>>> print(open('run16.csv').read())   # CSV, C-alpha atoms
chain,number,residue,atom,x,y,z
A,1,MET,CA,-32.7,-4.2,8.3
A,2,HIS,CA,-30.1,-6.7,7.1
A,3,TYR,CA,-30.0,-7.6,3.4
A,4,TYR,CA,-28.0,-10.6,2.3
A,5,ILE,CA,-26.8,-11.0,-1.2
A,6,VAL,CA,-26.1,-14.7,-1.8
A,7,ASP,CA,-24.0,-15.7,-4.8
A,8,GLN,CA,-23.3,-19.2,-6.0
A,9,ASN,CA,-20.4,-18.1,-8.3
A,10,SER,CA,-18.4,-21.1,-9.3
A,11,LEU,CA,-19.5,-23.3,-6.3
A,12,ALA,CA,-21.0,-26.7,-7.1
A,13,VAL,CA,-24.8,-26.7,-6.7
A,14,ASP,CA,-24.9,-29.3,-3.8
A,15,LYS,CA,-22.2,-27.4,-1.8
A,16,PHE,CA,-23.9,-24.1,-2.4
A,17,GLU,CA,-27.3,-25.5,-1.3
A,18,LYS,CA,-25.7,-26.8,1.9
A,19,LEU,CA,-24.0,-23.5,2.7
A,20,GLN,CA,-27.3,-21.6,2.0
A,21,THR,CA,-29.2,-23.9,4.4
A,22,GLU,CA,-26.5,-23.4,7.0
A,23,LEU,CA,-26.6,-19.7,6.5
A,24,SER,CA,-30.4,-19.5,7.0
A,25,GLY,CA,-30.2,-21.5,10.2
A,26,LEU,CA,-27.4,-19.5,11.6
A,27,LEU,CA,-29.0,-16.1,10.8
A,28,ALA,CA,-32.1,-17.2,12.7
A,29,GLU,CA,-30.0,-18.6,15.6
A,30,PHE,CA,-28.0,-15.4,16.0
A,31,LYS,CA,-31.2,-13.2,15.5
A,32,VAL,CA,-29.8,-11.3,12.5
A,33,ALA,CA,-32.3,-12.6,10.0
A,34,GLY,CA,-33.2,-10.3,7.2
A,35,GLU,CA,-34.0,-10.5,3.5
A,36,ILE,CA,-31.9,-13.0,1.6
A,37,SER,CA,-31.7,-12.5,-2.2
A,38,ARG,CA,-29.9,-14.9,-4.5
A,39,VAL,CA,-27.9,-13.6,-7.5
A,40,THR,CA,-29.3,-15.1,-10.7
A,41,PRO,CA,-28.5,-14.5,-14.4
A,42,LEU,CA,-31.5,-12.1,-14.5
A,43,ARG,CA,-30.9,-10.3,-11.2
A,44,GLY,CA,-27.2,-9.4,-10.7
A,45,VAL,CA,-25.5,-7.9,-7.7
A,46,GLN,CA,-26.2,-4.4,-9.0
A,47,GLU,CA,-30.0,-5.0,-9.2
A,48,LEU,CA,-29.9,-6.6,-5.7
A,49,VAL,CA,-28.1,-3.6,-4.2
A,50,ASP,CA,-30.6,-1.3,-5.9
A,51,MET,CA,-33.4,-3.4,-4.4
A,52,ALA,CA,-31.8,-3.3,-0.9
A,53,SER,CA,-31.6,0.5,-1.2
A,54,GLN,CA,-35.3,0.7,-2.1
A,55,ARG,CA,-36.3,-1.5,0.8
A,56,GLY,CA,-34.4,0.8,3.2
A,57,ALA,CA,-31.8,-1.8,4.2
A,58,LYS,CA,-29.0,-0.4,6.5
A,59,THR,CA,-26.7,-3.4,6.4
A,60,LEU,CA,-25.7,-5.1,3.2
A,61,VAL,CA,-23.9,-8.5,3.5
A,62,ALA,CA,-22.2,-10.2,0.6
A,63,CYS,CA,-22.4,-14.0,1.0
A,64,GLY,CA,-20.1,-15.6,-1.6
A,65,ASN,CA,-16.5,-15.2,-2.7
A,66,ASP,CA,-14.2,-12.1,-3.0
A,67,ASP,CA,-15.7,-11.3,-6.3
A,68,THR,CA,-19.2,-11.1,-4.9
A,69,PHE,CA,-18.0,-8.5,-2.4
A,70,ASN,CA,-16.1,-6.5,-5.0
A,71,GLN,CA,-19.1,-6.4,-7.3
A,72,MET,CA,-21.2,-5.2,-4.3
A,73,LEU,CA,-18.7,-2.4,-3.7
A,74,ALA,CA,-18.9,-1.4,-7.3
A,75,ALA,CA,-22.7,-1.3,-7.1
A,76,LEU,CA,-22.9,1.0,-4.1
A,77,LYS,CA,-22.5,4.2,-6.2
A,78,GLY,CA,-22.1,6.4,-3.1
A,79,ARG,CA,-25.0,5.0,-1.2
A,80,ASP,CA,-24.5,4.6,2.5
A,81,PHE,CA,-24.6,1.1,3.9
A,82,THR,CA,-22.8,-0.8,6.6
A,83,LEU,CA,-21.2,-3.7,4.8
A,84,GLY,CA,-20.5,-7.3,5.9
A,85,PHE,CA,-19.1,-10.4,4.3
A,86,ILE,CA,-19.8,-14.1,4.8
A,87,PRO,CA,-17.3,-16.3,2.9
A,88,PHE,CA,-18.5,-19.3,0.9
A,89,ASP,CA,-15.0,-19.9,-0.3
A,90,GLU,CA,-12.3,-21.2,2.1
A,91,ASN,CA,-9.5,-19.6,0.0
A,92,SER,CA,-11.1,-16.1,0.3
A,93,VAL,CA,-8.4,-13.4,0.8
A,94,LEU,CA,-11.0,-11.0,2.1
A,95,ALA,CA,-12.1,-13.5,4.7
A,96,LYS,CA,-8.6,-13.6,6.0
A,97,ILE,CA,-8.3,-9.8,6.0
A,98,LEU,CA,-11.6,-9.4,7.8
A,99,GLY,CA,-10.9,-12.2,10.3
A,100,ILE,CA,-13.8,-14.3,9.2
A,101,GLU,CA,-12.9,-18.0,8.6
A,102,ASN,CA,-16.2,-19.5,7.5
A,103,VAL,CA,-20.0,-19.1,7.4
A,104,PHE,CA,-20.4,-19.6,11.2
A,105,ALA,CA,-17.8,-17.0,11.9
A,106,GLY,CA,-19.3,-14.7,9.3
A,107,VAL,CA,-22.8,-14.8,10.9
A,108,LYS,CA,-21.3,-14.4,14.4
A,109,THR,CA,-19.4,-11.4,13.2
A,110,VAL,CA,-22.5,-9.8,11.6
A,111,ALA,CA,-24.3,-10.4,15.0
A,112,GLY,CA,-21.4,-9.0,17.0
A,113,ARG,CA,-21.4,-5.9,14.8
A,114,ARG,CA,-18.0,-4.6,15.3
A,115,VAL,CA,-17.9,-1.8,12.8
A,116,GLU,CA,-14.6,-0.2,11.6
A,117,LYS,CA,-14.4,2.8,9.2
A,118,ILE,CA,-12.0,1.9,6.5
A,119,ASP,CA,-10.6,3.5,3.3
A,120,LEU,CA,-12.0,2.7,0.0
A,121,ALA,CA,-9.8,2.6,-3.2
A,122,LYS,CA,-11.1,3.3,-6.7
A,123,ILE,CA,-9.8,2.4,-10.1
A,124,ALA,CA,-11.8,3.3,-13.2
A,125,ASP,CA,-15.4,2.2,-12.3
A,126,ASN,CA,-14.2,-0.4,-9.8
A,127,TYR,CA,-13.9,-0.1,-6.1
A,128,PHE,CA,-11.8,-2.2,-3.8
A,129,ILE,CA,-10.6,-2.5,-0.2
A,130,SER,CA,-7.8,-5.0,-0.7
A,131,PHE,CA,-5.1,-4.7,-3.3
A,132,LEU,CA,-4.2,-4.6,-7.0
A,133,GLU,CA,-1.3,-6.4,-8.7
A,134,PHE,CA,0.6,-5.7,-11.9
A,135,GLY,CA,3.5,-7.2,-13.8
A,136,VAL,CA,5.0,-10.3,-12.4
A,137,MET,CA,2.8,-10.1,-9.3
A,138,SER,CA,-0.3,-10.7,-11.4
A,139,HIS,CA,0.9,-14.3,-12.0
A,140,ARG,CA,-0.5,-15.7,-8.7
A,141,LEU,CA,3.0,-16.6,-7.4
A,142,LYS,CA,1.6,-18.3,-4.4
A,143,GLU,CA,0.3,-21.1,-6.7
A,144,ALA,CA,3.3,-21.1,-9.0
A,145,GLY,CA,5.9,-23.8,-8.5
A,146,LEU,CA,9.6,-23.1,-7.7
A,147,TRP,CA,10.8,-23.2,-11.3
A,148,GLN,CA,8.0,-21.1,-12.5
A,149,SER,CA,8.7,-18.5,-9.8
A,150,LEU,CA,12.4,-18.5,-10.6
A,151,LYS,CA,11.6,-18.0,-14.3
A,152,LEU,CA,9.2,-15.2,-13.6
A,153,LEU,CA,11.2,-13.3,-11.0
A,154,SER,CA,14.4,-13.4,-12.9
A,155,SER,CA,12.8,-12.3,-16.2
A,156,GLU,CA,13.5,-9.0,-17.9
A,157,ALA,CA,12.5,-5.9,-16.0
A,158,LYS,CA,9.9,-3.5,-17.5
A,159,ALA,CA,10.3,0.3,-17.6
A,160,PHE,CA,7.5,1.6,-15.5
A,161,SER,CA,6.5,5.3,-15.6
A,162,ILE,CA,4.2,6.3,-12.7
A,163,ARG,CA,2.9,9.7,-11.5
A,164,ILE,CA,2.3,10.1,-7.8
A,165,ASP,CA,-0.1,12.6,-6.1
A,166,ASP,CA,0.2,15.0,-9.1
A,167,SER,CA,3.5,15.9,-7.5
A,168,TYR,CA,6.3,13.7,-8.8
A,169,SER,CA,7.0,11.1,-11.4
A,170,VAL,CA,8.7,7.8,-10.8
A,171,ASN,CA,10.6,5.9,-13.5
A,172,ILE,CA,11.8,2.5,-12.5
A,173,ASN,CA,13.0,-0.7,-14.2
A,174,GLY,CA,11.0,-3.3,-12.2
A,175,LEU,CA,9.3,-6.6,-12.4
A,176,GLY,CA,5.9,-5.6,-11.1
A,177,GLY,CA,4.3,-4.8,-7.8
A,178,LEU,CA,1.1,-4.1,-6.0
A,179,VAL,CA,-1.1,-1.3,-4.8
A,180,ALA,CA,-2.3,-2.1,-1.3
A,181,ASN,CA,-5.1,-0.7,0.8
A,182,ILE,CA,-5.2,-3.9,2.9
A,183,ARG,CA,-3.6,-7.3,2.3
A,184,ALA,CA,-3.9,-10.6,4.0
A,185,LYS,CA,-0.7,-10.0,6.0
A,186,SER,CA,-1.5,-6.5,7.1
A,187,ASN,CA,-1.2,-5.4,10.7
A,188,GLN,CA,-2.5,-2.2,12.3
A,189,SER,CA,0.9,-1.6,13.9
A,190,GLU,CA,2.5,-1.8,10.5
A,191,LYS,CA,2.9,1.2,8.3
A,192,ILE,CA,2.2,-0.6,5.1
A,193,ALA,CA,-1.3,-1.5,3.9
A,194,ASN,CA,-3.1,0.0,6.8
A,195,PRO,CA,-6.7,0.6,5.7
A,196,THR,CA,-7.4,3.3,8.2
A,197,ASP,CA,-4.4,5.7,7.3
A,198,GLY,CA,-6.1,7.4,4.3
A,199,SER,CA,-3.3,6.2,2.0
A,200,LEU,CA,-2.4,3.6,-0.6
A,201,ASP,CA,0.9,1.8,-0.6
A,202,LEU,CA,2.6,1.3,-3.9
A,203,LEU,CA,5.3,-1.5,-3.8
A,204,ILE,CA,7.5,-2.2,-6.8
A,205,LEU,CA,9.8,-5.1,-7.1
A,206,GLU,CA,13.2,-4.8,-8.8
A,207,ARG,CA,14.8,-7.5,-10.8
A,208,MET,CA,16.5,-10.2,-8.7
A,209,GLY,CA,19.1,-12.9,-8.9
A,210,LYS,CA,18.1,-16.5,-8.5
A,211,MET,CA,19.5,-16.7,-5.0
A,212,GLN,CA,17.5,-13.7,-3.9
A,213,VAL,CA,14.4,-15.2,-5.4
A,214,LEU,CA,14.9,-18.3,-3.4
A,215,ALA,CA,15.5,-16.4,-0.2
A,216,HIS,CA,12.5,-14.2,-0.6
A,217,LYS,CA,10.0,-16.3,-2.5
A,218,LYS,CA,7.6,-16.6,0.5
A,219,ALA,CA,7.6,-12.8,1.1
A,220,ILE,CA,7.0,-12.2,-2.6
A,221,ALA,CA,4.1,-14.7,-2.8
A,222,ASP,CA,2.5,-13.2,0.3
A,223,GLY,CA,2.8,-9.7,-1.2
A,224,VAL,CA,5.0,-8.5,1.7
A,225,LEU,CA,7.4,-6.9,-0.8
A,226,GLU,CA,8.8,-4.4,1.6
A,227,LYS,CA,10.8,-7.3,3.2
A,228,VAL,CA,12.6,-7.9,-0.2
A,229,PRO,CA,15.7,-5.8,-0.6
A,230,ASN,CA,15.7,-2.9,-3.1
A,231,THR,CA,11.9,-2.8,-3.2
A,232,THR,CA,10.5,0.7,-3.7
A,233,VAL,CA,7.7,1.7,-1.3
A,234,ILE,CA,5.6,4.8,-1.8
A,235,LYS,CA,2.7,6.0,0.4
A,236,CYS,CA,0.4,8.2,-1.5
A,237,LYS,CA,-3.2,9.1,-2.2
A,238,LYS,CA,-3.2,9.0,-6.0
A,239,ILE,CA,-1.3,6.8,-8.5
A,240,GLU,CA,-1.3,7.3,-12.2
A,241,PHE,CA,0.1,4.3,-14.0
A,242,LEU,CA,1.4,5.7,-17.3
A,243,GLU,CA,3.7,3.1,-19.0
A,244,PRO,CA,4.1,0.4,-20.3
A,245,LEU,CA,0.8,1.0,-22.1
A,246,GLY,CA,-1.6,-1.9,-22.0
A,247,LEU,CA,-0.1,-3.7,-19.0
A,248,PRO,CA,-3.0,-5.2,-17.0
A,249,LEU,CA,-3.8,-4.4,-13.4
A,250,THR,CA,-5.4,-7.3,-11.7
A,251,MET,CA,-7.5,-7.9,-8.6
A,252,LEU,CA,-7.3,-11.5,-7.3
A,253,GLY,CA,-6.4,-12.6,-10.8
A,254,ARG,CA,-9.2,-10.7,-12.6
A,255,VAL,CA,-8.1,-7.8,-14.9
A,256,VAL,CA,-9.8,-4.6,-13.8
A,257,ALA,CA,-7.9,-2.0,-15.9
A,258,LYS,CA,-4.9,-1.6,-18.1
A,259,PHE,CA,-2.1,1.1,-18.2
A,260,PRO,CA,-2.8,4.0,-18.4
A,261,ALA,CA,-5.0,3.9,-15.3
A,262,THR,CA,-5.5,6.0,-12.1
A,263,VAL,CA,-6.0,4.6,-8.6
A,264,GLU,CA,-7.2,6.9,-5.8
A,265,ILE,CA,-8.1,6.4,-2.2
A,266,ILE,CA,-11.3,7.7,-0.5
A,267,PRO,CA,-10.4,7.9,3.2
A,268,GLN,CA,-12.7,6.4,5.8
A,269,ARG,CA,-15.5,5.9,3.3
A,270,LEU,CA,-16.7,2.4,4.3
A,271,ARG,CA,-18.4,1.2,7.4
A,272,MET,CA,-17.3,-2.4,7.5
A,273,ILE,CA,-18.3,-5.2,10.0
A,274,VAL,CA,-15.1,-6.9,10.9
A,275,GLY,CA,-14.1,-10.0,13.0
A,276,LYS,CA,-11.8,-9.8,16.0
A,277,ASN,CA,-9.1,-11.7,14.1
A,278,ARG,CA,-8.9,-9.1,11.3
A,279,THR,CA,-5.5,-8.2,10.0
A,280,PHE,CA,-5.8,-4.5,10.5
B,1,MET,CA,22.2,10.9,18.3
B,2,ASP,CA,23.2,8.0,16.0
B,3,LYS,CA,21.0,5.6,18.0
B,4,LEU,CA,18.0,7.7,17.2
B,5,LEU,CA,18.8,7.7,13.5
B,6,ASP,CA,19.9,4.0,13.5
B,7,ASN,CA,16.5,3.1,15.0
B,8,ASP,CA,14.7,5.0,12.3
B,9,LEU,CA,16.9,3.4,9.6
B,10,ASN,CA,16.2,-0.1,10.8
B,11,ALA,CA,12.4,0.6,11.1
B,12,GLN,CA,10.3,0.3,7.9
B,13,ALA,CA,10.5,3.6,6.1
B,14,GLU,CA,7.2,5.0,4.8
B,15,THR,CA,8.9,5.8,1.5
B,16,VAL,CA,11.7,3.8,0.0
B,17,VAL,CA,13.2,4.9,-3.3
B,18,GLY,CA,14.9,1.8,-4.7
B,19,PRO,CA,18.3,1.7,-6.5
B,20,SER,CA,16.9,1.7,-10.1
B,21,VAL,CA,14.4,4.4,-9.4
B,22,LYS,CA,14.5,8.0,-10.8
B,23,ILE,CA,12.1,10.5,-9.2
B,24,GLN,CA,11.4,13.9,-10.7
B,25,GLY,CA,9.3,16.4,-8.8
B,26,ASP,CA,8.5,17.2,-5.2
B,27,LEU,CA,8.8,14.1,-2.9
B,28,ASN,CA,6.7,14.9,0.2
B,29,SER,CA,6.2,12.4,3.0
B,30,GLU,CA,4.9,12.4,6.6
B,31,GLY,CA,7.2,9.5,7.5
B,32,ASN,CA,10.8,8.4,7.1
B,33,ILE,CA,12.3,8.5,3.6
B,34,LYS,CA,15.1,6.1,2.5
B,35,ILE,CA,16.7,7.0,-0.8
B,36,GLU,CA,18.8,4.5,-2.7
B,37,GLY,CA,18.2,5.8,-6.2
B,38,GLN,CA,18.0,9.3,-7.8
B,39,VAL,CA,15.8,12.2,-6.9
B,40,THR,CA,15.6,15.5,-8.8
B,41,GLY,CA,13.3,18.2,-7.4
B,42,LYS,CA,12.6,18.6,-3.7
B,43,VAL,CA,12.6,16.2,-0.7
B,44,LYS,CA,10.5,17.1,2.3
B,45,THR,CA,9.5,15.3,5.5
B,46,SER,CA,9.1,16.1,9.2
B,47,GLN,CA,10.7,12.8,10.0
B,48,SER,CA,14.1,11.4,8.9
B,49,VAL,CA,15.8,11.1,5.5
B,50,PHE,CA,18.4,8.5,4.7
B,51,VAL,CA,20.5,8.9,1.6
B,52,ILE,CA,22.2,5.6,1.2
B,53,PRO,CA,25.7,5.3,-0.4
B,54,GLY,CA,25.3,5.3,-4.2
B,55,ALA,CA,22.1,7.4,-4.1
B,56,LYS,CA,22.2,10.8,-5.9
B,57,ILE,CA,19.9,13.7,-5.0
B,58,MET,CA,19.8,16.9,-7.0
B,59,ALA,CA,17.3,18.6,-4.8
B,60,ASP,CA,16.8,20.6,-1.7
B,61,VAL,CA,16.2,18.4,1.3
B,62,MET,CA,14.0,19.5,4.3
B,63,ALA,CA,13.7,17.0,7.1
B,64,GLY,CA,13.6,16.5,10.9
B,65,ASN,CA,16.8,14.4,10.9
B,66,ALA,CA,19.1,13.1,8.1
B,67,MET,CA,21.8,10.6,7.5
B,68,VAL,CA,23.7,11.1,4.3
B,69,GLY,CA,26.0,8.5,2.7
B,70,GLY,CA,25.3,9.4,-0.9
B,71,GLU,CA,25.6,12.5,-3.1
B,72,VAL,CA,23.5,15.6,-2.5
B,73,GLN,CA,23.5,18.6,-4.9
B,74,GLY,CA,21.3,21.0,-3.1
B,75,ASN,CA,20.7,22.6,0.3
B,76,LEU,CA,20.0,20.5,3.4
B,77,LYS,CA,17.7,22.1,5.9
B,78,ILE,CA,17.5,19.8,8.9
B,79,SER,CA,15.8,20.8,12.1
B,80,GLY,CA,17.4,18.2,14.2
B,81,HIS,CA,20.4,15.9,13.7
B,82,LEU,CA,22.5,15.6,10.5
B,83,VAL,CA,25.1,12.8,10.0
B,84,LEU,CA,27.4,12.9,7.1
B,85,GLN,CA,28.9,9.5,6.6
B,86,GLY,CA,32.3,8.9,5.1
B,87,THR,CA,30.9,8.3,1.7
B,88,ALA,CA,28.8,11.5,1.7
B,89,LYS,CA,29.3,14.2,-0.9
B,90,ILE,CA,27.5,17.4,-0.4
B,91,LEU,CA,27.4,20.3,-2.8
B,92,GLY,CA,25.2,22.9,-1.1
B,93,ASP,CA,24.5,24.7,2.1
B,94,ILE,CA,23.6,22.9,5.4
B,95,THR,CA,21.3,24.1,8.2
B,96,CYS,CA,21.0,21.9,11.2
B,97,SER,CA,21.1,21.9,15.0
B,98,VAL,CA,23.5,19.0,15.5
B,99,LEU,CA,26.1,17.9,13.0
B,100,ARG,CA,28.4,14.9,12.8
B,101,VAL,CA,30.9,14.5,10.0
B,102,GLU,CA,32.7,11.2,9.5
B,103,ASP,CA,36.1,10.9,8.0
B,104,GLY,CA,36.1,11.0,4.3
B,105,ALA,CA,32.9,13.0,3.9
B,106,GLN,CA,33.1,15.8,1.3
B,107,PHE,CA,31.2,19.0,1.9
B,108,SER,CA,31.3,22.2,-0.2
B,109,GLY,CA,29.0,25.0,1.0
B,110,LYS,CA,27.9,27.1,3.9
B,111,CYS,CA,27.0,25.6,7.3
B,112,VAL,CA,24.6,27.2,9.7
B,113,MET,CA,24.0,25.6,13.1
B,114,GLY,CA,21.9,26.5,16.2
B,115,ALA,CA,19.7,25.1,18.8
B,116,SER,CA,16.4,26.3,17.4
B,117,ASN,CA,17.3,25.8,13.8
B,118,GLY,CA,15.3,24.9,10.8
B,119,ASN,CA,14.6,28.5,9.6
B,120,GLY,CA,18.2,29.6,10.5
B,121,LYS,CA,16.9,32.7,12.4
B,122,LYS,CA,18.5,31.8,15.7
B,123,ALA,CA,21.6,30.3,14.3
B,124,ALA,CA,24.4,30.2,16.9
B,125,THR,CA,27.2,29.3,14.6
B,126,GLU,CA,27.9,30.0,11.0
B,127,VAL,CA,30.8,28.5,9.2
B,128,GLU,CA,31.7,29.4,5.6
B,129,PRO,CA,34.4,27.4,3.8
B,130,GLU,CA,36.9,29.3,1.7
>>> encode(input="run16.csv", output="structure tokens")
Amino acid sequence: MHYYIVDQNSLAVDKFEKLQTELSGLLAEFKVAGEISRVTPLRGVQELVDMASQRGAKTLVACGNDDTFNQMLAALKGRDFTLGFIPFDENSVLAKILGIENVFAGVKTVAGRRVEKIDLAKIADNYFISFLEFGVMSHRLKEAGLWQSLKLLSSEAKAFSIRIDDSYSVNINGLGGLVANIRAKSNQSEKIANPTDGSLDLLILERMGKMQVLAHKKAIADGVLEKVPNTTVIKCKKIEFLEPLGLPLTMLGRVVAKFPATVEIIPQRLRMIVGKNRTF
Amino acid sequence: MDKLLDNDLNAQAETVVGPSVKIQGDLNSEGNIKIEGQVTGKVKTSQSVFVIPGAKIMADVMAGNAMVGGEVQGNLKISGHLVLQGTAKILGDITCSVLRVEDGAQFSGKCVMGASNGNGKKAATEVEPE
């Protein structure tokens, strides 16, 4: 049975109602109808996942924005579901990663049921399949203007202390970076951010001159930091962020933890319904 | 030989240690490693290691192939090809099957070479500097 968790989030009521109607029609049309439950102040994503489990649902589909999906991941608590995602937000990073552009493509993908086993990453009590950002990368550089980017990327470097795989420690003066399991620009043939390789990729940006910022602004904004000279790249299974204390780690702009924090990968943990235009 | 290493060098390395990075401990990888900073401990991979000019390694290095342009204080155990660039400075023993030393490279240590090298058991040639 399919169980759809529908979340309005920050959508306007009329737009949300329209998308919900479209969703119901398409689910019937593609013969993947199931139980649809809406997130309310009294019944959050956690309660709905618990309910899906009690009803014996095998497929859990988050219908909303990236945050809806991330909340659903956190609510799984080791229970075994096949997961899907139907985006209500045209700027969804997850939608790009999974190759699902809109509600129609989302329902079609659920009906097509192309399932991939992918790695799941964990930080504190949060789970994620995409990426975390820290330091200057938390500032949503894609939305920042040129002067703002120049100012941020030529600012003073921070002294990071990070332990990798309980094996070695890394000390670096850098601006910030990201921990990637998948990102919107991933590619299965690439070695970085491959969600099926059982590893995380830690990318740390060093301080740059203004000309270098201008030359690599797009790569930095896209999170393709390995294209920027002097970037440190480490493939690993466990990352312990030790210093600077209190520095936030963000997921799509939302703070999920602060230094010190540990990020780990759980290989091939998720069964995910993906579109044919997925980035991995 | 160089083509093989050049291709690896131009490809995206799985691990890149940037110029301002200091690593302490055992750096193990399953892919290519490119070192531009400092490493103290051990470096191990079955693929290629590139020590870029300016990099400093105070560690034993075990790898499939290696191209060294920086400074290594430690033993190099390379099962395949080893290239010492003109800027290389090695203070330690070398074990490899194919060695190329460019003009200007500095090497102080023992060199063991052979076709089925890596463990040094079937070494064909052993050169010990004075």
>>> closest_atom_pairs(input="run16.csv", of="chain B", to="chain A", cutoff="9 Å", atoms="all atoms listed in the file", output="tab-separated table")
residue	atom	partner	partner_atom	distance
B:Gln12	CA	A:Lys191	CA	7.5
B:Ala13	CA	A:Val233	CA	8.1
B:Glu14	CA	A:Lys235	CA	6.4
B:Thr15	CA	A:Ile234	CA	4.8
B:Val16	CA	A:Val233	CA	4.7
B:Val17	CA	A:Thr232	CA	5.0
B:Gly18	CA	A:Thr232	CA	4.6
B:Pro19	CA	A:Asn230	CA	6.3
B:Ser20	CA	A:Ile172	CA	5.7
B:Val21	CA	A:Ile172	CA	4.5
B:Lys22	CA	A:Asn171	CA	5.2
B:Ile23	CA	A:Val170	CA	4.6
B:Gln24	CA	A:Ser169	CA	5.3
B:Gly25	CA	A:Tyr168	CA	4.0
B:Asp26	CA	A:Tyr168	CA	5.5
B:Leu27	CA	A:Tyr168	CA	6.4
B:Asn28	CA	A:Ser167	CA	8.4
B:Ser29	CA	A:Lys235	CA	7.7
B:Glu36	CA	A:Asn230	CA	8.0
B:Gly41	CA	A:Tyr168	CA	8.4
>>> residues_around(input="run16.csv", residues="stretch 251-254 of chain A", least_positions_apart="4", cutoff="10 Å", atoms="all atoms listed in the file", output="list in words")
Asp66, Asp67, Asn70, Ser92, Val93, Phe128, Ser130, Phe131, Leu132, Glu133, Phe134, Met137, Ser138, His139, Arg140, Leu178 and Val179 of chain A
>>> residues_around(input="run16.csv", residues="stretch 13-26 of chain A", least_positions_apart="4", cutoff="8 Å", atoms="all atoms listed in the file", output="CSV table (one decimal) with C-alpha atoms, in the frame of the given file")
chain,number,residue,atom,x,y,z
A,6,VAL,CA,-26.1,-14.7,-1.8
A,8,GLN,CA,-23.3,-19.2,-6.0
A,30,PHE,CA,-28.0,-15.4,16.0
A,33,ALA,CA,-32.3,-12.6,10.0
A,88,PHE,CA,-18.5,-19.3,0.9
A,103,VAL,CA,-20.0,-19.1,7.4
A,104,PHE,CA,-20.4,-19.6,11.2
A,107,VAL,CA,-22.8,-14.8,10.9
>>> closest_residue(input="run16.csv", among="A:Asp197, A:Asp119, A:Glu240, A:Asp125", to="A:Val256", atoms="all atoms listed in the file")
A:Asp125
>>> atom_distance(input="run16.csv", atom1="atom CA of B:Ile94", atom2="atom CA of B:Ile35")
18.4 Å
>>> atom_distance(input="run16.csv", atom1="atom CA of A:Ile273", atom2="atom CA of A:Ala221")
27.5 Å
>>> residues_around(input="run16.csv", residues="stretch 68-78 of chain B", least_positions_apart="3", cutoff="6 Å", atoms="all atoms listed in the file", output="number ranges by chain")
B: 50-65, 84-85, 87-96, 118
>>> atom_distance(input="run16.csv", atom1="atom CA of A:Val110", atom2="atom CA of A:Gly275")
8.5 Å
>>> axis_aligned_box(input="run16.csv", around="stretch 104-114 of chain B", padding_each_side="8 Å", output="AutoDock Vina command-line options")
--center_x 29.0 --center_y 19.1 --center_z 8.0 --size_x 30.2 --size_y 32.2 --size_z 32.4
>>> residues_near_point(input="run16.csv", point="(-28.7, -9.9, -3.9)", cutoff="6 Å", atoms="only C-alpha atoms", output="PDB file with C-alpha atoms, keeping the file's coordinate frame")
ATOM      1  CA  ILE A   5     -26.800 -11.000  -1.200  1.00  0.00           C
ATOM      2  CA  VAL A   6     -26.100 -14.700  -1.800  1.00  0.00           C
ATOM      3  CA  SER A  37     -31.700 -12.500  -2.200  1.00  0.00           C
ATOM      4  CA  ARG A  38     -29.900 -14.900  -4.500  1.00  0.00           C
ATOM      5  CA  VAL A  39     -27.900 -13.600  -7.500  1.00  0.00           C
ATOM      6  CA  VAL A  45     -25.500  -7.900  -7.700  1.00  0.00           C
ATOM      7  CA  LEU A  48     -29.900  -6.600  -5.700  1.00  0.00           C
TER       8      LEU A  48
END
>>> residues_near_point(input="run16.csv", point="(23.6, 14.8, 13.1)", cutoff="9 Å", atoms="only C-alpha atoms", output="ChimeraX atom specification")
/B:1-2,5,65-67,78,80-84,96-101
>>> residues_around(input="run16.csv", residues="A:Lys217", least_positions_apart="3", cutoff="12 Å", atoms="only C-alpha atoms", output="PyMOL selection string")
chain A and resi 137+141-150+152-154+208-214+220-225+227-228
>>> decode(input="run16.csv", residues="stretch 15-22 of chain A", atoms="N, CA and C atoms", output="PDB file, in the first residue's frame")
ATOM      1  N   LYS A  15      -2.642  27.764  -3.559  1.00  0.00           N
ATOM      2  CA  LYS A  15      -1.696  26.989  -4.373  1.00  0.00           C
ATOM      3  C   LYS A  15      -1.629  25.546  -3.852  1.00  0.00           C
ATOM      4  N   PHE A  16      -1.630  25.427  -2.545  1.00  0.00           N
ATOM      5  CA  PHE A  16      -1.571  24.099  -1.936  1.00  0.00           C
ATOM      6  C   PHE A  16      -2.813  23.276  -2.294  1.00  0.00           C
ATOM      7  N   GLU A  17      -3.990  23.905  -2.205  1.00  0.00           N
ATOM      8  CA  GLU A  17      -5.239  23.200  -2.529  1.00  0.00           C
ATOM      9  C   GLU A  17      -5.228  22.732  -3.980  1.00  0.00           C
ATOM     10  N   LYS A  18      -4.694  23.586  -4.848  1.00  0.00           N
ATOM     11  CA  LYS A  18      -4.631  23.254  -6.277  1.00  0.00           C
ATOM     12  C   LYS A  18      -3.714  22.038  -6.506  1.00  0.00           C
ATOM     13  N   LEU A  19      -2.555  22.073  -5.832  1.00  0.00           N
ATOM     14  CA  LEU A  19      -1.598  20.965  -5.990  1.00  0.00           C
ATOM     15  C   LEU A  19      -2.169  19.667  -5.420  1.00  0.00           C
ATOM     16  N   GLN A  20      -2.889  19.797  -4.314  1.00  0.00           N
ATOM     17  CA  GLN A  20      -3.477  18.600  -3.688  1.00  0.00           C
ATOM     18  C   GLN A  20      -4.536  17.968  -4.602  1.00  0.00           C
ATOM     19  N   THR A  21      -5.335  18.819  -5.236  1.00  0.00           N
ATOM     20  CA  THR A  21      -6.355  18.316  -6.163  1.00  0.00           C
ATOM     21  C   THR A  21      -5.672  17.634  -7.352  1.00  0.00           C
ATOM     22  N   GLU A  22      -4.651  18.288  -7.867  1.00  0.00           N
ATOM     23  CA  GLU A  22      -3.902  17.723  -9.000  1.00  0.00           C
ATOM     24  C   GLU A  22      -3.312  16.366  -8.608  1.00  0.00           C
TER      25      GLU A  22
END
